[in-house]
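Here is the file entry-v2.cif (mmCIF, C-alpha atoms and all ligand atoms).
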data_data
loop_
_atom_site.group_PDB
_atom_site.id
_atom_site.type_symbol
_atom_site.label_atom_id
_atom_site.label_comp_id
_atom_site.auth_asym_id
_atom_site.auth_seq_id
_atom_site.Cartn_x
_atom_site.Cartn_y
_atom_site.Cartn_z
ATOM 1 C CA MET A 1 0.000 0.000 0.000
ATOM 2 C CA HIS A 2 1.275 3.484 -0.902
ATOM 3 C CA GLU A 3 2.194 6.035 1.750
ATOM 4 C CA PRO A 4 -0.602 8.639 1.231
ATOM 5 C CA VAL A 5 -3.212 5.880 1.440
ATOM 6 C CA LYS A 6 -1.582 4.385 4.522
ATOM 7 C CA GLU A 7 -1.730 7.773 6.228
ATOM 8 C CA GLY A 8 -5.298 8.556 5.243
ATOM 9 C CA LEU A 9 -6.687 5.075 5.837
ATOM 10 C CA GLU A 10 -8.246 5.661 9.270
ATOM 11 C CA ASP A 11 -10.027 8.814 8.065
ATOM 12 C CA PHE A 12 -11.227 6.976 4.987
ATOM 13 C CA LEU A 13 -12.608 4.048 7.000
ATOM 14 C CA ARG A 14 -14.354 6.505 9.306
ATOM 15 C CA GLU A 15 -15.807 9.035 6.895
ATOM 16 C CA ASN A 16 -14.610 8.323 3.354
ATOM 17 C CA GLY A 17 -11.398 10.377 3.590
ATOM 18 C CA SER A 18 -9.833 13.249 1.674
ATOM 19 C CA PRO A 19 -10.175 14.019 -2.067
ATOM 20 C CA GLU A 20 -6.458 13.161 -2.491
ATOM 21 C CA PHE A 21 -7.092 9.752 -0.979
ATOM 22 C CA ALA A 22 -9.995 9.126 -3.356
ATOM 23 C CA ALA A 23 -7.953 10.385 -6.297
ATOM 24 C CA HIS A 24 -5.160 7.921 -5.522
ATOM 25 C CA LEU A 25 -7.599 5.029 -5.277
ATOM 26 C CA GLU A 26 -8.984 5.997 -8.697
ATOM 27 C CA VAL A 27 -5.622 5.422 -10.332
ATOM 28 C CA CYS A 28 -4.067 2.696 -8.138
ATOM 29 C CA ARG A 29 -5.636 -0.729 -8.356
ATOM 30 C CA GLU A 30 -3.333 -2.220 -5.744
ATOM 31 C CA CYS A 31 -4.370 0.268 -3.051
ATOM 32 C CA ARG A 32 -8.004 0.095 -4.097
ATOM 33 C CA GLY A 33 -8.075 -3.670 -3.545
ATOM 34 C CA GLU A 34 -6.340 -3.559 -0.168
ATOM 35 C CA VAL A 35 -8.432 -0.672 1.138
ATOM 36 C CA GLU A 36 -11.588 -2.505 0.106
ATOM 37 C CA ARG A 37 -10.482 -5.667 1.955
ATOM 38 C CA MET A 38 -9.675 -3.590 5.045
ATOM 39 C CA ARG A 39 -13.077 -1.947 4.886
ATOM 40 C CA GLU A 40 -14.782 -5.344 4.672
ATOM 41 C CA LEU A 41 -12.748 -6.581 7.611
ATOM 42 C CA ALA A 42 -13.702 -3.535 9.695
ATOM 43 C CA LEU A 43 -17.385 -4.194 8.945
ATOM 44 C CA ALA A 44 -17.016 -7.883 9.758
ATOM 45 C CA LEU A 45 -15.645 -7.071 13.221
ATOM 46 C CA ARG A 46 -18.860 -5.229 14.044
ATOM 47 C CA VAL A 47 -20.606 -8.571 14.413
ATOM 48 C CA LEU A 48 -19.127 -8.547 17.938
ATOM 49 C CA ARG A 49 -20.891 -5.320 18.833
ATOM 50 C CA ALA A 50 -23.673 -5.695 21.425
ATOM 51 C CA ASP A 51 -26.948 -4.259 20.089
ATOM 52 C CA LYS A 52 -27.385 -2.170 23.214
ATOM 53 C CA GLU A 53 -25.713 -1.716 26.569
ATOM 54 C CA MET A 54 -27.322 -3.955 29.169
ATOM 55 C CA ASP A 55 -26.954 -4.457 32.885
ATOM 56 C CA PRO A 56 -26.170 -7.827 34.415
ATOM 57 C CA PRO A 57 -29.019 -9.310 36.504
ATOM 58 C CA THR A 58 -29.636 -7.509 39.839
ATOM 59 C CA GLY A 59 -27.413 -8.346 42.775
ATOM 60 C CA PHE A 60 -24.324 -8.422 40.591
ATOM 61 C CA TYR A 61 -22.088 -6.647 43.113
ATOM 62 C CA ALA A 62 -22.985 -9.145 45.848
ATOM 63 C CA ARG A 63 -22.040 -12.018 43.551
ATOM 64 C CA VAL A 64 -18.736 -10.345 42.674
ATOM 65 C CA ALA A 65 -18.029 -9.838 46.396
ATOM 66 C CA ALA A 66 -18.830 -13.514 47.085
ATOM 67 C CA ARG A 67 -16.470 -14.594 44.320
ATOM 68 C CA ILE A 68 -13.690 -12.401 45.638
ATOM 69 C CA GLU A 69 -14.223 -13.855 49.106
ATOM 70 C CA ALA A 70 -14.097 -17.401 47.700
ATOM 71 C CA GLN A 71 -10.886 -16.644 45.793
ATOM 72 C CA SER A 72 -9.180 -14.893 48.701
ATOM 73 C CA GLY A 73 -8.202 -18.246 50.317
ATOM 74 C CA PRO A 74 -6.967 -18.705 53.885
ATOM 75 C CA SER A 75 -5.623 -15.158 54.223
ATOM 76 C CA PHE A 76 -9.191 -13.847 54.255
ATOM 77 C CA TRP A 77 -10.197 -16.070 57.191
ATOM 78 C CA SER A 78 -6.982 -15.456 59.081
ATOM 79 C CA VAL A 79 -8.097 -11.844 59.505
ATOM 80 C CA PHE A 80 -11.101 -13.054 61.462
ATOM 81 C CA LEU A 81 -9.575 -16.094 63.055
ATOM 82 C CA GLU A 82 -6.456 -14.492 64.469
ATOM 83 C CA PRO A 83 -4.909 -16.812 67.113
ATOM 84 C CA ALA A 84 -6.534 -15.296 70.231
ATOM 85 C CA PHE A 85 -9.988 -15.223 68.675
ATOM 86 C CA GLY A 86 -9.565 -18.745 67.312
ATOM 87 C CA ARG A 87 -8.491 -20.094 70.716
ATOM 88 C CA ARG A 88 -11.481 -18.531 72.416
ATOM 89 C CA LEU A 89 -13.783 -20.010 69.804
ATOM 90 C CA MET A 90 -12.190 -23.419 70.406
ATOM 91 C CA TYR A 91 -12.637 -23.119 74.180
ATOM 92 C CA ALA A 92 -16.224 -22.042 73.685
ATOM 93 C CA SER A 93 -16.941 -25.104 71.520
ATOM 94 C CA ALA A 94 -15.175 -27.405 73.967
ATOM 95 C CA THR A 95 -17.144 -25.914 76.878
ATOM 96 C CA LEU A 96 -20.361 -26.586 75.030
ATOM 97 C CA VAL A 97 -19.339 -30.243 74.716
ATOM 98 C CA VAL A 98 -18.487 -30.357 78.446
ATOM 99 C CA LEU A 99 -21.792 -28.758 79.432
ATOM 100 C CA LEU A 100 -23.749 -31.063 77.142
ATOM 101 C CA GLY A 101 -21.851 -34.069 78.497
ATOM 102 C CA THR A 102 -22.509 -32.990 82.090
ATOM 103 C CA TYR A 103 -26.175 -32.530 81.308
ATOM 104 C CA LEU A 104 -26.397 -35.991 79.771
ATOM 105 C CA ILE A 105 -24.589 -37.549 82.725
ATOM 106 C CA SER A 106 -26.771 -35.885 85.339
ATOM 107 C CA SER A 107 -29.947 -36.686 83.484
ATOM 108 C CA GLU A 108 -29.136 -40.302 82.574
ATOM 109 C CA SER A 109 -26.646 -41.785 85.012
ATOM 110 C CA SER A 110 -24.190 -40.981 87.758
ATOM 111 C CA GLU A 111 -21.332 -42.652 85.833
ATOM 112 C CA PRO A 112 -18.999 -40.189 84.067
ATOM 113 C CA LEU A 113 -19.158 -40.589 80.282
ATOM 114 C CA ALA A 114 -16.271 -40.622 77.914
ATOM 115 C CA VAL A 115 -17.470 -37.518 76.113
ATOM 116 C CA SER A 116 -17.016 -35.168 79.077
ATOM 117 C CA THR A 117 -13.665 -36.694 80.028
ATOM 118 C CA THR A 118 -12.373 -36.280 76.501
ATOM 119 C CA ALA A 119 -13.480 -32.683 76.316
ATOM 120 C CA GLU A 120 -11.854 -31.889 79.666
ATOM 121 C CA GLN A 121 -8.613 -33.561 78.589
ATOM 122 C CA TYR A 122 -8.771 -31.547 75.419
ATOM 123 C CA LEU A 123 -8.974 -28.344 77.442
ATOM 124 C CA VAL A 124 -6.088 -29.423 79.665
ATOM 125 C CA GLU A 125 -3.897 -30.191 76.648
ATOM 126 C CA GLU A 126 -4.635 -26.873 75.035
ATOM 127 C CA ASN A 127 -4.082 -24.869 78.207
ATOM 128 C CA PRO A 128 -1.555 -26.321 80.689
ATOM 129 C CA ALA A 129 -2.716 -23.916 83.374
ATOM 130 C CA MET A 130 -6.114 -25.555 83.395
ATOM 131 C CA GLY A 131 -7.205 -28.813 85.018
ATOM 132 C CA ALA A 132 -5.813 -28.298 88.521
ATOM 133 C CA ASN A 133 -8.941 -26.711 89.943
ATOM 134 C CA PRO A 134 -12.287 -27.420 88.217
ATOM 135 C CA GLN A 135 -13.969 -24.323 89.691
ATOM 136 C CA GLN A 136 -11.110 -22.094 88.508
ATOM 137 C CA ASP A 137 -11.211 -23.769 85.091
ATOM 138 C CA ARG A 138 -14.891 -23.018 84.723
ATOM 139 C CA ASP A 139 -14.177 -19.400 85.569
ATOM 140 C CA VAL A 140 -11.445 -19.254 82.940
ATOM 141 C CA VAL A 141 -13.819 -20.660 80.322
ATOM 142 C CA LEU A 142 -16.602 -18.290 81.365
ATOM 143 C CA VAL A 143 -14.245 -15.317 81.181
ATOM 144 C CA GLY A 144 -13.229 -16.602 77.754
ATOM 145 C CA LEU A 145 -16.837 -16.811 76.643
ATOM 146 C CA ALA A 146 -17.653 -13.371 78.031
ATOM 147 C CA THR A 147 -14.698 -11.866 76.138
ATOM 148 C CA TYR A 148 -15.785 -13.720 73.015
ATOM 149 C CA ASN A 149 -19.294 -12.286 73.314
ATOM 150 C CA GLU A 150 -17.918 -8.781 73.592
ATOM 151 C CA MET B 1 -12.902 5.444 43.934
ATOM 152 C CA ALA B 2 -14.236 2.611 46.082
ATOM 153 C CA PHE B 3 -14.324 -0.862 44.546
ATOM 154 C CA ARG B 4 -18.109 -0.969 44.718
ATOM 155 C CA GLU B 5 -18.282 2.270 42.698
ATOM 156 C CA ILE B 6 -15.967 0.802 40.057
ATOM 157 C CA VAL B 7 -18.208 -2.261 39.742
ATOM 158 C CA GLU B 8 -21.364 -0.191 39.546
ATOM 159 C CA ARG B 9 -19.900 2.249 37.052
ATOM 160 C CA TYR B 10 -18.524 -0.364 34.648
ATOM 161 C CA GLN B 11 -20.712 -3.453 35.127
ATOM 162 C CA ALA B 12 -23.060 -2.701 32.210
ATOM 163 C CA LYS B 13 -20.118 -1.913 29.928
ATOM 164 C CA VAL B 14 -18.250 -5.101 30.864
ATOM 165 C CA TYR B 15 -21.350 -7.285 30.664
ATOM 166 C CA SER B 16 -22.249 -5.866 27.229
ATOM 167 C CA ILE B 17 -18.735 -6.326 25.834
ATOM 168 C CA ILE B 18 -18.758 -9.967 26.918
ATOM 169 C CA PHE B 19 -22.271 -10.569 25.640
ATOM 170 C CA GLY B 20 -21.319 -8.975 22.307
ATOM 171 C CA ILE B 21 -18.436 -11.405 21.963
ATOM 172 C CA LEU B 22 -20.028 -14.602 23.317
ATOM 173 C CA ARG B 23 -23.815 -14.094 22.965
ATOM 174 C CA ASN B 24 -24.524 -16.197 26.030
ATOM 175 C CA ARG B 25 -26.019 -14.601 29.138
ATOM 176 C CA ASN B 26 -24.900 -17.193 31.697
ATOM 177 C CA ASP B 27 -21.332 -17.103 30.501
ATOM 178 C CA ALA B 28 -21.448 -13.297 30.312
ATOM 179 C CA GLU B 29 -22.421 -13.114 33.992
ATOM 180 C CA ASP B 30 -19.758 -15.595 35.028
ATOM 181 C CA ILE B 31 -16.998 -13.907 33.042
ATOM 182 C CA ALA B 32 -18.102 -10.428 34.192
ATOM 183 C CA GLN B 33 -17.779 -11.565 37.817
ATOM 184 C CA GLN B 34 -14.326 -12.932 37.068
ATOM 185 C CA VAL B 35 -13.316 -9.658 35.383
ATOM 186 C CA PHE B 36 -14.143 -7.672 38.514
ATOM 187 C CA ALA B 37 -12.442 -10.228 40.748
ATOM 188 C CA LYS B 38 -9.324 -9.731 38.573
ATOM 189 C CA VAL B 39 -9.719 -5.962 38.824
ATOM 190 C CA TYR B 40 -9.929 -6.290 42.612
ATOM 191 C CA PHE B 41 -6.864 -8.493 42.955
ATOM 192 C CA SER B 42 -4.683 -6.661 40.419
ATOM 193 C CA MET B 43 -5.583 -3.080 41.311
ATOM 194 C CA GLY B 44 -1.935 -2.629 42.319
ATOM 195 C CA ASN B 45 -0.825 -3.345 38.733
ATOM 196 C CA PHE B 46 -2.977 -0.618 37.210
ATOM 197 C CA ASP B 47 -0.794 1.695 35.153
ATOM 198 C CA PHE B 48 -2.194 5.217 35.398
ATOM 199 C CA ARG B 49 -0.935 6.129 31.909
ATOM 200 C CA SER B 50 -3.966 4.390 30.433
ATOM 201 C CA SER B 51 -7.569 5.023 31.455
ATOM 202 C CA LEU B 52 -9.361 2.768 33.929
ATOM 203 C CA LEU B 53 -11.818 1.808 31.191
ATOM 204 C CA THR B 54 -8.995 0.763 28.824
ATOM 205 C CA TRP B 55 -7.490 -1.378 31.568
ATOM 206 C CA ILE B 56 -10.834 -2.998 32.429
ATOM 207 C CA TYR B 57 -11.515 -3.490 28.720
ATOM 208 C CA LYS B 58 -8.207 -5.331 28.337
ATOM 209 C CA ILE B 59 -8.993 -7.612 31.285
ATOM 210 C CA THR B 60 -12.491 -8.243 29.874
ATOM 211 C CA VAL B 61 -11.292 -9.246 26.404
ATOM 212 C CA ASN B 62 -8.547 -11.412 27.906
ATOM 213 C CA GLU B 63 -11.081 -13.212 30.070
ATOM 214 C CA CYS B 64 -13.273 -13.821 27.008
ATOM 215 C CA TYR B 65 -10.340 -15.292 25.110
ATOM 216 C CA ASP B 66 -9.345 -17.377 28.111
ATOM 217 C CA TYR B 67 -12.859 -18.748 28.116
ATOM 218 C CA LEU B 68 -12.787 -19.377 24.369
ATOM 219 C CA ARG B 69 -9.473 -21.179 24.649
ATOM 220 C CA LYS B 70 -10.943 -23.448 27.297
ATOM 221 C CA LYS B 71 -14.213 -24.079 25.542
ATOM 222 C CA ARG B 72 -13.081 -23.918 21.917
ATOM 223 C CA VAL B 73 -14.761 -21.546 19.519
ATOM 224 C CA ARG B 74 -16.665 -24.080 17.444
ATOM 225 C CA LYS B 75 -18.452 -25.641 20.388
ATOM 226 C CA LEU B 76 -19.373 -22.215 21.740
ATOM 227 C CA VAL B 77 -21.208 -21.181 18.605
ATOM 228 C CA TYR B 78 -23.861 -23.851 19.111
ATOM 229 C CA GLU B 79 -24.339 -22.944 22.752
ATOM 230 C CA SER B 80 -24.922 -19.254 22.090
ATOM 231 C CA ASP B 81 -28.328 -17.965 22.987
ATOM 232 C CA PHE B 82 -30.206 -16.069 20.358
ATOM 233 C CA SER B 83 -31.955 -12.733 20.527
ATOM 234 C CA GLU B 84 -35.688 -12.820 21.216
ATOM 235 C CA GLU B 85 -36.360 -12.130 17.578
ATOM 236 C CA GLU B 86 -34.117 -14.980 16.482
ATOM 237 C CA SER B 87 -35.707 -17.359 19.012
ATOM 238 C CA LEU B 88 -39.166 -16.522 17.703
ATOM 239 C CA LEU B 89 -37.994 -17.250 14.202
ATOM 240 C CA MET B 90 -36.585 -20.577 15.346
ATOM 241 C CA GLN B 91 -39.817 -21.511 17.156
ATOM 242 C CA ASN B 92 -41.904 -20.900 14.088
ATOM 243 C CA SER B 93 -40.845 -23.815 11.917
ATOM 244 C CA GLU B 94 -41.945 -22.188 8.685
ATOM 245 C CA ALA B 95 -40.105 -18.997 9.514
ATOM 246 C CA ALA B 96 -37.136 -21.028 10.709
ATOM 247 C CA MET B 97 -36.899 -22.649 7.292
ATOM 248 C CA ASP B 98 -36.756 -19.202 5.732
ATOM 249 C CA HIS B 99 -34.460 -17.448 8.186
ATOM 250 C CA ARG B 100 -32.196 -20.142 9.548
ATOM 251 C CA PRO B 101 -29.494 -19.585 6.940
ATOM 252 C CA ALA B 102 -29.262 -15.913 7.980
ATOM 253 C CA VAL B 103 -28.817 -16.855 11.660
ATOM 254 C CA ASP B 104 -26.273 -19.532 10.765
ATOM 255 C CA THR B 105 -24.374 -17.085 8.595
ATOM 256 C CA GLN B 106 -24.161 -14.627 11.462
ATOM 257 C CA LEU B 107 -22.931 -17.313 13.850
ATOM 258 C CA ALA B 108 -20.377 -18.514 11.328
ATOM 259 C CA GLN B 109 -19.229 -14.947 10.808
ATOM 260 C CA ARG B 110 -18.794 -14.393 14.546
ATOM 261 C CA ASP B 111 -16.929 -17.660 14.836
ATOM 262 C CA PHE B 112 -14.625 -16.630 11.985
ATOM 263 C CA VAL B 113 -13.971 -13.148 13.407
ATOM 264 C CA LEU B 114 -13.165 -14.569 16.845
ATOM 265 C CA LYS B 115 -10.718 -17.031 15.317
ATOM 266 C CA LEU B 116 -9.154 -14.240 13.304
ATOM 267 C CA LEU B 117 -8.640 -12.060 16.373
ATOM 268 C CA ALA B 118 -7.094 -15.018 18.181
ATOM 269 C CA LYS B 119 -4.310 -14.987 15.571
ATOM 270 C CA VAL B 120 -2.988 -11.517 16.461
ATOM 271 C CA SER B 121 -1.338 -10.138 19.579
ATOM 272 C CA GLU B 122 -3.312 -9.023 22.596
ATOM 273 C CA GLU B 123 -2.476 -5.381 21.863
ATOM 274 C CA ASP B 124 -3.570 -5.596 18.206
ATOM 275 C CA ARG B 125 -6.749 -7.387 19.188
ATOM 276 C CA ASN B 126 -7.690 -4.828 21.827
ATOM 277 C CA LEU B 127 -6.946 -1.876 19.559
ATOM 278 C CA MET B 128 -9.035 -3.305 16.738
ATOM 279 C CA LEU B 129 -11.925 -4.084 19.077
ATOM 280 C CA LEU B 130 -11.831 -0.623 20.643
ATOM 281 C CA LYS B 131 -11.758 0.922 17.170
ATOM 282 C CA GLU B 132 -14.234 -1.194 15.209
ATOM 283 C CA VAL B 133 -16.486 -2.740 17.833
ATOM 284 C CA GLU B 134 -16.574 0.022 20.441
ATOM 285 C CA GLY B 135 -16.351 2.699 17.757
ATOM 286 C CA HIS B 136 -13.636 4.890 19.326
ATOM 287 C CA SER B 137 -11.832 7.402 17.126
ATOM 288 C CA VAL B 138 -8.054 7.587 16.721
ATOM 289 C CA ASP B 139 -7.760 10.589 19.033
ATOM 290 C CA GLU B 140 -9.943 8.915 21.652
ATOM 291 C CA LEU B 141 -7.718 5.835 21.463
ATOM 292 C CA ALA B 142 -4.653 8.045 21.845
ATOM 293 C CA ARG B 143 -6.083 9.564 25.016
ATOM 294 C CA MET B 144 -7.253 6.203 26.350
ATOM 295 C CA THR B 145 -3.900 4.489 25.873
ATOM 296 C CA GLY B 146 -1.547 7.383 26.516
ATOM 297 C CA MET B 147 0.050 6.921 23.052
ATOM 298 C CA ASN B 148 0.153 9.613 20.345
ATOM 299 C CA GLU B 149 -2.250 9.588 17.386
ATOM 300 C CA ASN B 150 0.415 8.679 14.852
ATOM 301 C CA THR B 151 1.475 5.654 16.865
ATOM 302 C CA ILE B 152 -2.164 4.559 17.066
ATOM 303 C CA LYS B 153 -2.568 4.935 13.285
ATOM 304 C CA VAL B 154 0.563 2.897 12.584
ATOM 305 C CA LYS B 155 -0.479 0.208 15.067
ATOM 306 C CA LEU B 156 -3.978 0.027 13.608
ATOM 307 C CA PHE B 157 -2.637 -0.248 10.079
ATOM 308 C CA ARG B 158 -0.308 -3.106 11.022
ATOM 309 C CA ALA B 159 -3.082 -4.833 12.963
ATOM 310 C CA ARG B 160 -5.385 -4.585 9.919
ATOM 311 C CA GLN B 161 -2.703 -6.068 7.686
ATOM 312 C CA LYS B 162 -2.086 -8.955 10.071
ATOM 313 C CA LEU B 163 -5.805 -9.652 10.307
ATOM 314 C CA LEU B 164 -6.136 -9.682 6.510
ATOM 315 C CA LYS B 165 -3.269 -12.166 6.248
ATOM 316 C CA ALA B 166 -4.847 -14.313 8.953
ATOM 317 C CA ALA B 167 -8.177 -14.131 7.103
ATOM 318 C CA GLN B 168 -6.556 -15.361 3.909
ATOM 319 C CA ARG B 169 -4.940 -18.265 5.730
ATOM 320 C CA LEU B 170 -8.132 -19.166 7.611
ATOM 321 C CA SER B 171 -10.305 -18.982 4.483
ATOM 322 C CA ARG B 172 -8.125 -21.609 2.860
ATOM 323 C CA LEU B 173 -8.790 -24.051 5.718
ATOM 324 C CA PRO B 174 -11.651 -26.495 5.156
ATOM 325 C CA GLY B 175 -14.823 -25.525 7.026
ATOM 326 C CA ALA B 176 -13.802 -21.897 7.557
ATOM 327 C CA ALA B 177 -16.405 -19.263 6.785
ATOM 328 C CA PRO B 178 -15.352 -16.163 4.857
ATOM 329 C CA ALA B 179 -15.569 -12.911 6.810
HETATM 330 ZN ZN ZN C 201 -1.440 2.968 -4.396
#
Show this structure as structure tokens.
Amino acid sequence: MHEPVKEGLEDFLRENGSPEFAAHLEVCRECRGEVERMRELALALRVLRADKEMDPPTGFYARVAARIEAQSGPSFWSVFLEPAFGRRLMYASATLVVLLGTYLISSESSEPLAVSTTAEQYLVEENPAMGANPQQDRDVVLVGLATYNE
Amino acid sequence: MAFREIVERYQAKVYSIIFGILRNRNDAEDIAQQVFAKVYFSMGNFDFRSSLLTWIYKITVNECYDYLRKKRVRKLVYESDFSEEESLLMQNSEAAMDHRPAVDTQLAQRDFVLKLLAKVSEEDRNLMLLKEVEGHSVDELARMTGMNENTIKVKLFRARQKLLKAAQRLSRLPGAAPA
């Protein structure tokens, strides 16, 4: 393709171009053919144009936020489950097991059940300071729960 | 600008670009979500020389091509959903007999154009789409990309030449539809 046509091509494809451009095409078959193919190509690309701008279905932002959360991996949860918070949550769950176990024991039999023993051992393992005095331990757990609720 | 504002400002644009390329609403929603997730995670890589829209546009087209690579263009064409008008034509068997070739031709043309654009670089593809599909002028493209008008013209010209060469090669393949 010749230089003046190369330079004027974008204007030509947009709004038919300058008289000089047209004059060159009149006399140059080579440029005429290539410009015509480029014009056809430009038109063909328009098949990808959406007929009108349209919104995604409502609630799109919430779905984007959910996706981001899902893709954020463990680092997202670590913000919420920082060690102290996580430990408290663990104690709270363990206490629930102990309380449930105690309830079951007192309502069904006087024999201690494995479930409460296991939960208590669990607490002892996780916190070496616990286990020496049951009353003190309960206080520690209750303080833990109260802090958690705050 | 807060992330929520970015999503709300550009969601229709992004969704429409994807729908224009793929013609499938479910996939458009899924890819649009992924585009904004990418925007969220790569905000730090945004180069302020180009406009936010140009950057989001680039991510959008890349996500579409990622999807096409995974799903393969030919299979996608048959899964596209049609416009209401086209669906009505398809439902009416008599009308479908008359109009089906037109619908098929359009699908084949889209398939061909997508394949063609897959043959050029990401930059060429984006420039051509912004120019011919989005309808931006050379000076708008210069402002959007931070390049000067002459550079845009030269890049567009080369991109057009590469696409024409790719079209010639693709047209010679069996089963390829002419643009
Ligand atoms: Zn010439």
Next item on the list: Could you give me the residues within 8 Å of ligand ZN 201 (chain C), counting only C-alpha atoms and all ligand atoms, as a PyMOL selection string?
Entry: chain A and resi 1-3+5+24-25+27-32
Can I get the selection written as a short mmCIF file (atom, residue, chain, number, x, y, z; two decimals), in the coordinates of the input, with C-alpha atoms?
data_model
loop_
_atom_site.label_atom_id
_atom_site.label_comp_id
_atom_site.auth_asym_id
_atom_site.auth_seq_id
_atom_site.Cartn_x
_atom_site.Cartn_y
_atom_site.Cartn_z
CA MET A 1 0.00 0.00 0.00
CA HIS A 2 1.27 3.48 -0.90
CA GLU A 3 2.19 6.04 1.75
CA VAL A 5 -3.21 5.88 1.44
CA HIS A 24 -5.16 7.92 -5.52
CA LEU A 25 -7.60 5.03 -5.28
CA VAL A 27 -5.62 5.42 -10.33
CA CYS A 28 -4.07 2.70 -8.14
CA ARG A 29 -5.64 -0.73 -8.36
CA GLU A 30 -3.33 -2.22 -5.74
CA CYS A 31 -4.37 0.27 -3.05
CA ARG A 32 -8.00 0.10 -4.10
#
Next item on the list: Quick one: everything within 9 Å of Cys64 (chain B), counting only C-alpha atoms, minus sequence neighbours fewer than 3 positions away in the same chain. Send it as an NGL selection string.
Entry: :B and (18 or 21-22 or 28 or 31 or 59-61 or 67-69)
For the structure provided, state which residues fall under the PyMOL selection byres ((chain A) within 10 of (chain B)), and present them as a PDB file with C-alpha atoms, keeping the file's coordinate frame.
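Output (result-v8.pdb):
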ATOM      1  CA  LYS A   6      -1.582   4.385   4.522  1.00  0.00           C
ATOM      2  CA  GLU A   7      -1.730   7.773   6.228  1.00  0.00           C
ATOM      3  CA  GLY A   8      -5.298   8.556   5.243  1.00  0.00           C
ATOM      4  CA  LEU A   9      -6.687   5.075   5.837  1.00  0.00           C
ATOM      5  CA  GLU A  10      -8.246   5.661   9.270  1.00  0.00           C
ATOM      6  CA  ASP A  11     -10.027   8.814   8.065  1.00  0.00           C
ATOM      7  CA  LEU A  13     -12.608   4.048   7.000  1.00  0.00           C
ATOM      8  CA  ARG A  14     -14.354   6.505   9.306  1.00  0.00           C
ATOM      9  CA  GLU A  34      -6.340  -3.559  -0.168  1.00  0.00           C
ATOM     10  CA  ARG A  37     -10.482  -5.667   1.955  1.00  0.00           C
ATOM     11  CA  MET A  38      -9.675  -3.590   5.045  1.00  0.00           C
ATOM     12  CA  ARG A  39     -13.077  -1.947   4.886  1.00  0.00           C
ATOM     13  CA  GLU A  40     -14.782  -5.344   4.672  1.00  0.00           C
ATOM     14  CA  LEU A  41     -12.748  -6.581   7.611  1.00  0.00           C
ATOM     15  CA  ALA A  42     -13.702  -3.535   9.695  1.00  0.00           C
ATOM     16  CA  LEU A  43     -17.385  -4.194   8.945  1.00  0.00           C
ATOM     17  CA  ALA A  44     -17.016  -7.883   9.758  1.00  0.00           C
ATOM     18  CA  LEU A  45     -15.645  -7.071  13.221  1.00  0.00           C
ATOM     19  CA  ARG A  46     -18.860  -5.229  14.044  1.00  0.00           C
ATOM     20  CA  VAL A  47     -20.606  -8.571  14.413  1.00  0.00           C
ATOM     21  CA  LEU A  48     -19.127  -8.547  17.938  1.00  0.00           C
ATOM     22  CA  ARG A  49     -20.891  -5.320  18.833  1.00  0.00           C
ATOM     23  CA  ALA A  50     -23.673  -5.695  21.425  1.00  0.00           C
ATOM     24  CA  ASP A  51     -26.948  -4.259  20.089  1.00  0.00           C
ATOM     25  CA  LYS A  52     -27.385  -2.170  23.214  1.00  0.00           C
ATOM     26  CA  GLU A  53     -25.713  -1.716  26.569  1.00  0.00           C
ATOM     27  CA  MET A  54     -27.322  -3.955  29.169  1.00  0.00           C
ATOM     28  CA  ASP A  55     -26.954  -4.457  32.885  1.00  0.00           C
ATOM     29  CA  PRO A  56     -26.170  -7.827  34.415  1.00  0.00           C
ATOM     30  CA  PRO A  57     -29.019  -9.310  36.504  1.00  0.00           C
ATOM     31  CA  PHE A  60     -24.324  -8.422  40.591  1.00  0.00           C
ATOM     32  CA  TYR A  61     -22.088  -6.647  43.113  1.00  0.00           C
ATOM     33  CA  ALA A  62     -22.985  -9.145  45.848  1.00  0.00           C
ATOM     34  CA  ARG A  63     -22.040 -12.018  43.551  1.00  0.00           C
ATOM     35  CA  VAL A  64     -18.736 -10.345  42.674  1.00  0.00           C
ATOM     36  CA  ALA A  65     -18.029  -9.838  46.396  1.00  0.00           C
ATOM     37  CA  ALA A  66     -18.830 -13.514  47.085  1.00  0.00           C
ATOM     38  CA  ARG A  67     -16.470 -14.594  44.320  1.00  0.00           C
ATOM     39  CA  ILE A  68     -13.690 -12.401  45.638  1.00  0.00           C
ATOM     40  CA  GLU A  69     -14.223 -13.855  49.106  1.00  0.00           C
ATOM     41  CA  GLN A  71     -10.886 -16.644  45.793  1.00  0.00           C
ATOM     42  CA  SER A  72      -9.180 -14.893  48.701  1.00  0.00           C
TER      43      SER A  72
END
Next item on the list: Could you jot down the CA of Met1 (chain B) to CA of Arg143 (chain B) separation for me, Å, one decimal place?
Entry: 20.5 Å
Axis-aligned box for all listed atoms of region 12-24 of chain B, 4 Å per side, centre and edges in Å to one decimal, as JSON:
{"center_x": -21.4, "center_y": -9.1, "center_z": 27.1, "size_x": 14.3, "size_y": 22.3, "size_z": 18.2}
Notebook entry, point to check: Which distance in Å separates CA of Gly73 (chain A) and CA of Asp47 (chain B), to one decimal?
Noted result: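 Here the two named atoms are 26.1 Å from each other.
In this structure, CA of Asp139 (chain B) sits 14.9 Å away from CA of Phe12 (chain A).
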Checklist line | Proximity to Leu141 (chain B) - best of B:Ser50, B:Asn24, B:Val103, B:Ala2, only C-alpha atoms | finding: B:Ser50
